[in-house]
Amino acid sequence: MPDAHYAWSYSSINQFITCPKLYEASRVTKTLPYTETDVIKYGKDLHSAAELYISQNTPLPKPFEFIKTHLDMLNNIKGKKFCELKLGLAIRDGRFVACDFFAADVYFRGVADLVIIDGERAFVVDYKTGKNAEYADDKQLGLLAAAIFARFPSVKKVKGMLLFVIAKQIVKTEYNNEQKYDIFVKLSEDLMR
C-alpha cells in the first residue's frame, strides 16, 4: 500500500509521468505559475454547459449545441445523475475508503464529469475536447471507478466512457468490484516516485 501522506489526482500523476520537471515546477516549487489558455477555457466552458444541460435542463449555448446528441444519449440512461462529482479516497487501517474531497487524510482526489448510479451498476463519463482519441488514456476512468466503488458500496460494475465530443469518438471501459483497486497497483511505481 503506498504512503498516503499527500493528496494527488489523475492530472497530477499524468503530468508527473509526462514530465517530472514540469510537475516539480508547477506543483512543488510553484516556480511556473498556472496560465489559463484559450483551449483550457474552452474545455471549462464546455464542461459547464454540459453540467447545466444534464443537471438543470438549461439550453446549450450556441457554440456547444453540437454536443446535444451525446448529452441526450447520457440523459436517457436510467439512474441518478451526479454532475461534476467530487470524489475522495483515503487509506485507513490499510484499506481504501471513501472520504470528503478535502478531508485531512485524503489520498486520491478526482472529479467525475458525470456519474450515473442505477442500483448495482454505474456509469462514469469524462468529456474530452481533443481532436482524436488515438492516444486516449483510460487510467482516469479506472481511478474514478475505484472512488465510485468506495462511495457507493452497492455498485458492482462501473462502465466508463471517455467521450471525445469534437472527434465524435468514444473510448469505453468496464470495471467490476473484484478489480476495483487494480489501477493503484498499475500506478504504484510512479506514485512511489
# chains A, B, ... in the order shown; residues from 1 in each chain; ligands from 1
call {"tool": "residues_around", "arguments": {"residues": "Phe16 of chain A", "least_positions_apart": "6", "cutoff": "12 Å", "atoms": "only C-alpha atoms", "output": "number ranges by chain"}}
result
A: 8-10, 22-28, 187, 189-193
call {"tool": "closest_atom_pairs", "arguments": {"of": "segment 91-132 of chain A", "to": "segment 161-164 of chain A", "cutoff": "8 Å", "atoms": "only C-alpha atoms", "output": "CSV"}}
result
residue,atom,partner,partner_atom,distance
A:Phe123,CA,A:Met161,CA,7.7
A:Val124,CA,A:Met161,CA,6.3
A:Val125,CA,A:Met161,CA,4.8
A:Asp126,CA,A:Leu162,CA,5.0
A:Tyr127,CA,A:Leu163,CA,4.9
A:Lys128,CA,A:Phe164,CA,4.6
A:Thr129,CA,A:Phe164,CA,5.8
A:Gly130,CA,A:Phe164,CA,6.4
A:Lys131,CA,A:Phe164,CA,7.6
A:Asn132,CA,A:Phe164,CA,7.0
call {"tool": "write_last_selection", "arguments": {"atoms": "C-alpha atoms", "output": "PDB file, in the first residue's frame"}}
result
ATOM      1  CA  PHE A 123     -21.572   4.889 -15.435  1.00  0.00           C
ATOM      2  CA  VAL A 124     -18.728   7.386 -15.293  1.00  0.00           C
ATOM      3  CA  VAL A 125     -18.225   9.804 -18.178  1.00  0.00           C
ATOM      4  CA  ASP A 126     -15.382  12.183 -18.877  1.00  0.00           C
ATOM      5  CA  TYR A 127     -15.844  14.736 -21.656  1.00  0.00           C
ATOM      6  CA  LYS A 128     -12.761  15.289 -23.816  1.00  0.00           C
ATOM      7  CA  THR A 129     -12.276  18.140 -26.268  1.00  0.00           C
ATOM      8  CA  GLY A 130      -9.261  16.629 -28.020  1.00  0.00           C
ATOM      9  CA  LYS A 131      -9.347  16.244 -31.795  1.00  0.00           C
ATOM     10  CA  ASN A 132      -8.978  12.438 -31.702  1.00  0.00           C
TER      11      ASN A 132
END
call {"tool": "residues_around", "arguments": {"residues": "segment 83-92 of chain A", "least_positions_apart": "4", "cutoff": "7 Å", "atoms": "only C-alpha atoms", "output": "PyMOL selection string"}}
result
chain A and resi 4+51+55+96-101+105-115+147
call {"tool": "select_by_dssp", "arguments": {"residues": "segment 28-123 of chain A", "states": "strand (DSSP E)", "output": "ChimeraX atom specification"}}
result
/A:80-92,95-99,106-118,121-123
call {"tool": "atom_distance", "arguments": {"atom1": "atom CA of Tyr175 of chain A", "atom2": "atom CA of Val158 of chain A"}}
result
5.1 Å
call {"tool": "closest_residue", "arguments": {"among": "A:Cys19, A:Thr37, A:Glu120, A:Val165", "to": "Phe64 of chain A", "atoms": "only C-alpha atoms"}}
result
A:Val165
call {"tool": "closest_residue", "arguments": {"among": "A:Ile54, A:Ala167, A:Phe149, A:Thr29", "to": "Ala133 of chain A", "atoms": "only C-alpha atoms"}}
result
A:Ala167
call {"tool": "closest_residue", "arguments": {"among": "A:Ala50, A:Lys139, A:Ile148, A:Asn177", "to": "Asn14 of chain A", "atoms": "only C-alpha atoms"}}
result
A:Lys139
